[in-house]
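J.: Got a structure for you, run_25.cif, holding mmCIF, C-alpha atoms.
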data_protein
loop_
_atom_site.label_atom_id
_atom_site.label_comp_id
_atom_site.auth_asym_id
_atom_site.auth_seq_id
_atom_site.Cartn_x
_atom_site.Cartn_y
_atom_site.Cartn_z
CA PRO R 1 -68.98 -45.57 199.47
CA TRP R 2 -68.75 -44.34 195.89
CA ILE R 3 -68.80 -47.86 194.41
CA GLN R 4 -72.47 -48.20 195.42
CA GLY R 5 -73.62 -45.21 193.34
CA ASP R 6 -74.63 -44.88 189.69
CA TYR R 7 -71.67 -43.46 187.81
CA SER R 8 -72.45 -44.83 184.35
CA ALA R 9 -71.42 -41.63 182.54
CA VAL R 10 -68.11 -41.65 184.44
CA PHE R 11 -67.50 -45.26 183.41
CA VAL R 12 -68.05 -44.38 179.74
CA THR R 13 -65.44 -41.61 180.01
CA LEU R 14 -62.99 -43.88 181.83
CA SER R 15 -63.60 -46.58 179.22
CA ARG R 16 -62.60 -44.22 176.41
CA ILE R 17 -59.47 -43.18 178.27
CA TYR R 18 -58.37 -46.78 178.86
CA SER R 19 -59.19 -47.63 175.23
CA LYS R 20 -56.85 -44.89 174.00
CA LEU R 21 -54.13 -46.00 176.39
CA ARG R 22 -54.44 -49.56 175.07
CA ASP R 23 -54.54 -48.26 171.49
CA ASP R 24 -57.54 -50.46 170.73
CA ILE R 25 -58.09 -51.22 167.06
CA VAL R 26 -61.75 -50.71 166.18
CA PRO R 27 -63.10 -52.73 163.22
CA GLU R 28 -65.57 -51.24 160.77
CA ALA R 29 -69.19 -51.10 161.88
CA GLN R 30 -71.14 -54.25 161.02
CA ASP R 31 -74.77 -54.99 160.31
CA LEU R 32 -75.93 -56.85 163.43
CA THR R 33 -79.45 -57.55 162.17
CA LEU R 34 -78.53 -60.87 160.50
CA LYS R 35 -75.94 -62.60 162.60
CA ASP R 36 -75.08 -65.93 164.16
CA PHE R 37 -73.09 -66.21 167.37
CA VAL R 38 -71.02 -69.27 168.21
CA ARG R 39 -69.93 -68.91 171.79
CA SER R 40 -68.77 -70.43 175.03
CA THR R 41 -70.17 -68.69 178.09
CA ARG R 42 -69.54 -68.46 181.81
CA LYS R 43 -71.96 -66.77 184.21
CA TYR R 44 -71.39 -65.37 187.69
CA TRP R 45 -73.38 -63.61 190.38
CA VAL R 46 -72.15 -60.19 191.53
CA LYS R 47 -73.32 -58.61 194.76
CA THR R 48 -75.10 -55.31 194.26
CA GLN R 49 -72.58 -53.40 196.36
CA HIS R 50 -69.78 -54.68 194.11
CA VAL R 51 -71.31 -53.77 190.73
CA SER R 52 -69.48 -50.46 190.25
CA GLN R 53 -66.19 -51.96 191.38
CA VAL R 54 -66.55 -54.86 188.92
CA LYS R 55 -67.39 -52.45 186.08
CA HIS R 56 -64.23 -50.48 186.81
CA MET R 57 -62.11 -53.63 186.82
CA ILE R 58 -63.49 -54.87 183.49
CA LEU R 59 -63.23 -51.58 181.58
CA GLN R 60 -59.50 -51.52 182.25
CA HIS R 61 -59.32 -54.46 179.82
CA LEU R 62 -62.36 -54.05 177.54
CA PRO R 63 -64.22 -50.88 176.54
CA VAL R 64 -67.90 -50.20 177.13
CA PHE R 65 -69.70 -51.11 173.89
CA GLN R 66 -72.24 -48.59 172.60
CA VAL R 67 -73.78 -49.45 169.23
CA ARG R 68 -75.67 -46.15 169.10
CA GLN R 69 -74.12 -43.44 171.25
CA ASP R 70 -77.00 -41.10 170.37
CA LEU R 71 -79.42 -43.53 172.06
CA LEU R 72 -77.19 -44.62 174.94
CA SER R 73 -75.67 -41.78 176.93
CA GLY R 74 -74.62 -43.93 179.89
CA ASP R 75 -73.08 -47.38 180.02
CA SER R 76 -76.29 -49.45 180.28
CA GLN R 77 -79.28 -50.09 178.05
CA MET R 78 -82.74 -51.43 178.88
CA THR R 79 -82.99 -54.94 177.44
CA ASN R 80 -86.38 -56.62 177.02
CA SER R 81 -86.90 -60.29 176.15
CA ALA R 82 -90.16 -62.23 175.72
CA TYR R 83 -89.54 -65.99 176.02
CA PHE R 84 -91.73 -68.52 174.22
CA ASP R 85 -92.94 -71.89 175.43
CA ASN R 86 -96.05 -74.06 175.51
CA SER R 87 -98.32 -75.26 178.30
CA GLN R 88 -95.98 -78.21 179.00
CA LEU R 89 -92.98 -75.88 179.31
CA GLU R 90 -91.27 -78.08 176.74
CA LEU R 91 -88.53 -75.60 175.82
CA TYR R 92 -87.80 -74.73 179.44
CA HIS R 93 -87.33 -78.36 180.49
CA GLY R 94 -85.28 -79.10 177.41
CA ARG R 95 -82.84 -76.32 178.25
CA LEU R 96 -82.83 -77.17 181.95
CA GLU R 97 -81.92 -80.77 181.24
CA LYS R 98 -79.48 -79.73 178.48
CA ARG R 99 -81.03 -82.03 175.93
CA PRO R 100 -79.18 -82.16 172.59
CA GLN R 101 -80.55 -79.52 170.17
CA ALA R 102 -82.77 -78.02 172.89
CA ILE R 103 -83.78 -74.52 171.88
CA ALA R 104 -84.72 -71.28 173.57
CA LEU R 105 -86.86 -68.88 171.55
CA ARG R 106 -87.34 -65.24 172.36
CA ILE R 107 -88.14 -61.83 170.95
CA ARG R 108 -85.77 -59.11 172.11
CA TRP R 109 -85.91 -55.34 171.85
CA TYR R 110 -83.92 -52.53 173.37
CA GLY R 111 -84.72 -49.30 175.13
CA LEU R 112 -87.88 -47.79 176.58
CA GLY R 113 -91.05 -47.10 174.64
CA ASP R 114 -91.80 -48.47 171.19
CA PRO R 115 -88.85 -50.33 169.64
CA GLU R 116 -87.35 -49.58 166.24
CA LEU R 117 -86.52 -53.24 165.62
CA ALA R 118 -87.51 -56.60 167.07
CA PHE R 119 -84.86 -59.32 167.21
CA ILE R 120 -86.16 -62.87 166.76
CA GLU R 121 -83.56 -65.09 168.45
CA ARG R 122 -83.09 -68.84 168.67
CA LYS R 123 -80.48 -70.39 170.94
CA THR R 124 -79.59 -74.05 170.33
CA HIS R 125 -77.81 -76.20 172.89
CA LYS R 126 -75.15 -78.56 171.56
CA GLU R 127 -73.07 -81.06 173.49
CA SER R 128 -69.58 -79.79 174.21
CA TRP R 129 -68.25 -83.28 174.95
CA LYS R 130 -68.81 -84.08 171.28
CA GLY R 131 -66.83 -81.03 170.27
CA GLU R 132 -69.99 -79.15 169.35
CA ILE R 133 -70.54 -75.49 170.22
CA SER R 134 -73.88 -73.95 171.13
CA VAL R 135 -75.10 -71.24 168.79
CA LYS R 136 -77.40 -68.22 168.84
CA GLU R 137 -79.07 -67.20 165.59
CA ARG R 138 -81.21 -64.17 164.99
CA PHE R 139 -82.93 -61.95 162.47
CA THR R 140 -84.90 -58.74 162.77
CA LEU R 141 -88.44 -57.76 161.95
CA PRO R 142 -90.25 -54.43 162.01
CA PRO R 143 -92.26 -54.38 165.24
CA ASP R 144 -95.57 -54.23 163.35
CA MET R 145 -94.68 -57.48 161.55
CA VAL R 146 -94.02 -59.54 164.70
CA ILE R 147 -97.64 -60.57 165.34
CA PRO R 148 -98.34 -61.41 161.66
CA PHE R 149 -95.11 -63.45 161.67
CA LEU R 150 -96.16 -65.41 164.77
CA LYS R 151 -99.61 -66.05 163.30
CA GLY R 152 -98.12 -67.24 159.99
CA GLU R 153 -99.68 -64.32 158.13
CA TYR R 154 -96.35 -62.72 157.18
CA SER R 155 -94.76 -64.90 154.53
CA VAL R 156 -91.08 -65.59 154.06
CA ASP R 157 -91.29 -64.29 150.48
CA GLU R 158 -92.61 -60.92 151.68
CA ALA R 159 -89.85 -60.69 154.28
CA ALA R 160 -87.19 -61.70 151.75
CA GLU R 161 -88.38 -59.06 149.30
CA ALA R 162 -88.12 -56.42 152.05
CA LEU R 163 -84.49 -57.45 152.61
CA ARG R 164 -83.79 -57.44 148.90
CA SER R 165 -85.02 -53.85 148.67
CA LYS R 166 -82.49 -52.94 151.38
CA GLY R 167 -79.62 -54.31 149.32
CA LYS R 168 -79.00 -57.58 151.15
CA THR R 169 -77.13 -60.25 149.22
CA GLU R 170 -78.81 -63.42 148.03
CA ALA R 171 -76.59 -65.44 150.39
CA GLU R 172 -77.79 -63.36 153.34
CA ILE R 173 -81.40 -63.65 152.20
CA SER R 174 -81.11 -67.44 151.80
CA LYS R 175 -79.81 -67.82 155.35
CA PHE R 176 -82.51 -65.50 156.64
CA LYS R 177 -85.26 -67.47 154.88
CA GLN R 178 -84.15 -70.75 156.43
CA LEU R 179 -84.18 -69.38 159.98
CA PHE R 180 -87.43 -67.45 159.38
CA GLN R 181 -89.21 -70.62 158.21
CA GLU R 182 -87.77 -72.83 160.96
CA VAL R 183 -88.85 -70.43 163.71
CA GLN R 184 -92.29 -69.87 162.20
CA LYS R 185 -92.77 -73.65 161.91
CA VAL R 186 -91.70 -74.46 165.48
CA VAL R 187 -94.03 -71.76 166.85
CA ASP R 188 -96.92 -73.39 165.00
CA VAL R 189 -96.05 -77.07 165.58
CA LYS R 190 -95.25 -76.73 169.29
CA GLN R 191 -97.98 -74.15 169.89
CA LEU R 192 -95.55 -71.66 171.40
CA GLN R 193 -96.56 -68.34 172.88
CA PRO R 194 -94.89 -65.68 175.02
CA LEU R 195 -94.92 -66.90 178.64
CA MET R 196 -92.33 -64.76 180.42
CA ARG R 197 -90.66 -61.41 179.88
CA THR R 198 -87.40 -60.27 181.39
CA GLN R 199 -86.25 -56.68 181.68
CA TYR R 200 -82.88 -55.49 182.90
CA MET R 201 -80.22 -52.87 182.40
CA ARG R 202 -77.26 -54.33 180.49
CA VAL R 203 -73.77 -52.94 180.10
CA ALA R 204 -71.60 -54.71 177.54
CA PHE R 205 -67.82 -54.67 177.36
CA GLN R 206 -66.09 -55.61 174.09
CA ILE R 207 -64.01 -54.23 171.26
CA PRO R 208 -66.65 -52.58 169.04
CA PHE R 209 -68.08 -55.06 166.50
CA ASP R 210 -65.62 -57.75 167.60
CA ALA R 211 -67.31 -60.23 169.96
CA THR R 212 -64.28 -62.52 170.28
CA VAL R 213 -64.29 -61.65 173.98
CA ARG R 214 -67.41 -60.07 175.44
CA VAL R 215 -68.48 -59.40 179.01
CA SER R 216 -72.02 -58.29 179.88
CA LEU R 217 -73.34 -57.25 183.26
CA ASP R 218 -77.09 -57.17 183.97
CA THR R 219 -78.69 -55.24 186.82
CA ASN R 220 -82.22 -54.37 188.00
CA LEU R 221 -83.64 -57.67 186.71
CA CYS R 222 -87.42 -58.00 186.55
CA MET R 223 -89.43 -61.05 185.48
CA ILE R 224 -92.95 -60.52 184.21
CA LYS R 225 -95.59 -63.15 183.46
CA GLU R 226 -96.94 -62.80 179.95
CA ASN R 227 -100.51 -63.77 179.10
CA PRO R 228 -101.87 -63.62 182.66
CA GLU R 229 -104.88 -65.73 183.54
CA ARG R 230 -106.96 -62.60 183.90
CA GLY R 231 -106.61 -59.86 181.31
CA ASP R 232 -105.74 -59.51 177.66
CA THR R 233 -103.02 -61.61 176.10
CA CYS R 234 -99.96 -59.87 174.71
CA LEU R 235 -101.24 -60.59 171.19
CA GLU R 236 -104.52 -58.82 171.93
CA SER R 237 -102.92 -55.86 173.66
#
Spell out the structure here as structure tokens.
T.:
Amino acid sequence: PWIQGDYSAVFVTLSRIYSKLRDDIVPEAQDLTLKDFVRSTRKYWVKTQHVSQVKHMILQHLPVFQVRQDLLSGDSQMTNSAYFDNSQLELYHGRLEKRPQAIALRIRWYGLGDPELAFIERKTHKESWKGEISVKERFTLPPDMVIPFLKGEYSVDEAAEALRSKGKTEAEISKFKQLFQEVQKVVDVKQLQPLMRTQYMRVAFQIPFDATVRVSLDTNLCMIKENPERGDTCLES
């Protein structure tokens, strides 16, 4: 049946039609490179044979979100994430047991080939029964600065000056510096390194640049072991 095929371009067209029928109001484009996300999430499994049907149901209420239409012709984008941990899997167990202030740390980039930007992301678990809300914080680095950052060779002052040259406000730079230093410190103190990479195709549904309600659907998930016992580490390669 047709719902088992790949009709991503059709879904984008249908999404635009439904968006016009709803008369969606699109906010101005935002800079997503320095952003915090406070969110409440729910996750579900979808059978492969139902993926297209679920996409069609969602886009009747929310449009397909394409940040860069010139880079994303269909509805989905390759999403790559390298997750950090130490030999004791401290971060993994902290998240699994939902310990207060447990963090997940990852580097994320989009698309195939060499990325234009690397997103350094930290997710912090907070206890909902206390009225606290978990948060995701992130900043971006040029790909060639990721390894120097992880090794502590790329200083916060250098990074801040690069942002200043791009016209960022001092308030934005101050927030960036705090997260930059906290991530760099935890990598050093806890001896974190990339242990696992995930790759999948993600389609996101939301009003453009308004993540009040967002639905994402991931398919073709692969998990890859970083730093294998035999072979070069990801830092060396």
J.: Find, counting all atoms listed in the file, the residue in R:Ser40, R:Asn227, R:Thr13, R:Ser8 that gets nearest to Val215 (chain R).
T.: R:Ser40
J.: Can you list, as a PDB file with C-alpha atoms, in the frame of the given file, every protein, DNA or RNA residue that comes within 9 Å of region 163-176 of chain R when you count all atoms listed in the file, leaving out same-chain residues fewer than 5 positions away?
T.:
ATOM      1  CA  LEU R  34     -78.530 -60.870 160.500  1.00  0.00           C
ATOM      2  CA  ARG R 138     -81.210 -64.170 164.990  1.00  0.00           C
ATOM      3  CA  PHE R 139     -82.930 -61.950 162.470  1.00  0.00           C
ATOM      4  CA  VAL R 156     -91.080 -65.590 154.060  1.00  0.00           C
ATOM      5  CA  GLU R 158     -92.610 -60.920 151.680  1.00  0.00           C
ATOM      6  CA  GLN R 181     -89.210 -70.620 158.210  1.00  0.00           C
TER       7      GLN R 181
END
J.: I need the output of the PyMOL selection byres ((chain R and resi 106) around 6) for this file as a list in words; which residues are they?
T.: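 Residues picked by the PyMOL selection byres ((chain R and resi 106) around 6): Ala82, Tyr83, Phe84, Leu105, Ile107 and Glu121 of chain R.
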J.: Could you list, as a PyMOL selection string, every residue matched by the PyMOL selection byres ((chain R and resi 221) around 6) in this structure?
T.: chain R and resi 199-200+219-220+222
J.: Kindly give the distance, in Å, that separates CA of Met78 (chain R) and CA of Tyr18 (chain R), rounded to a single decimal.
T.: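 Separating CA of Met78 (chain R) from CA of Tyr18 (chain R) is a distance of 24.8 Å.
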J.: R:Val26, R:Leu150, R:Ala162, R:Ala211: which is nearest Leu192 (chain R), counting only C-alpha atoms?
T.: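 Smallest separation from Leu192 (chain R) among the options: R:Leu150.
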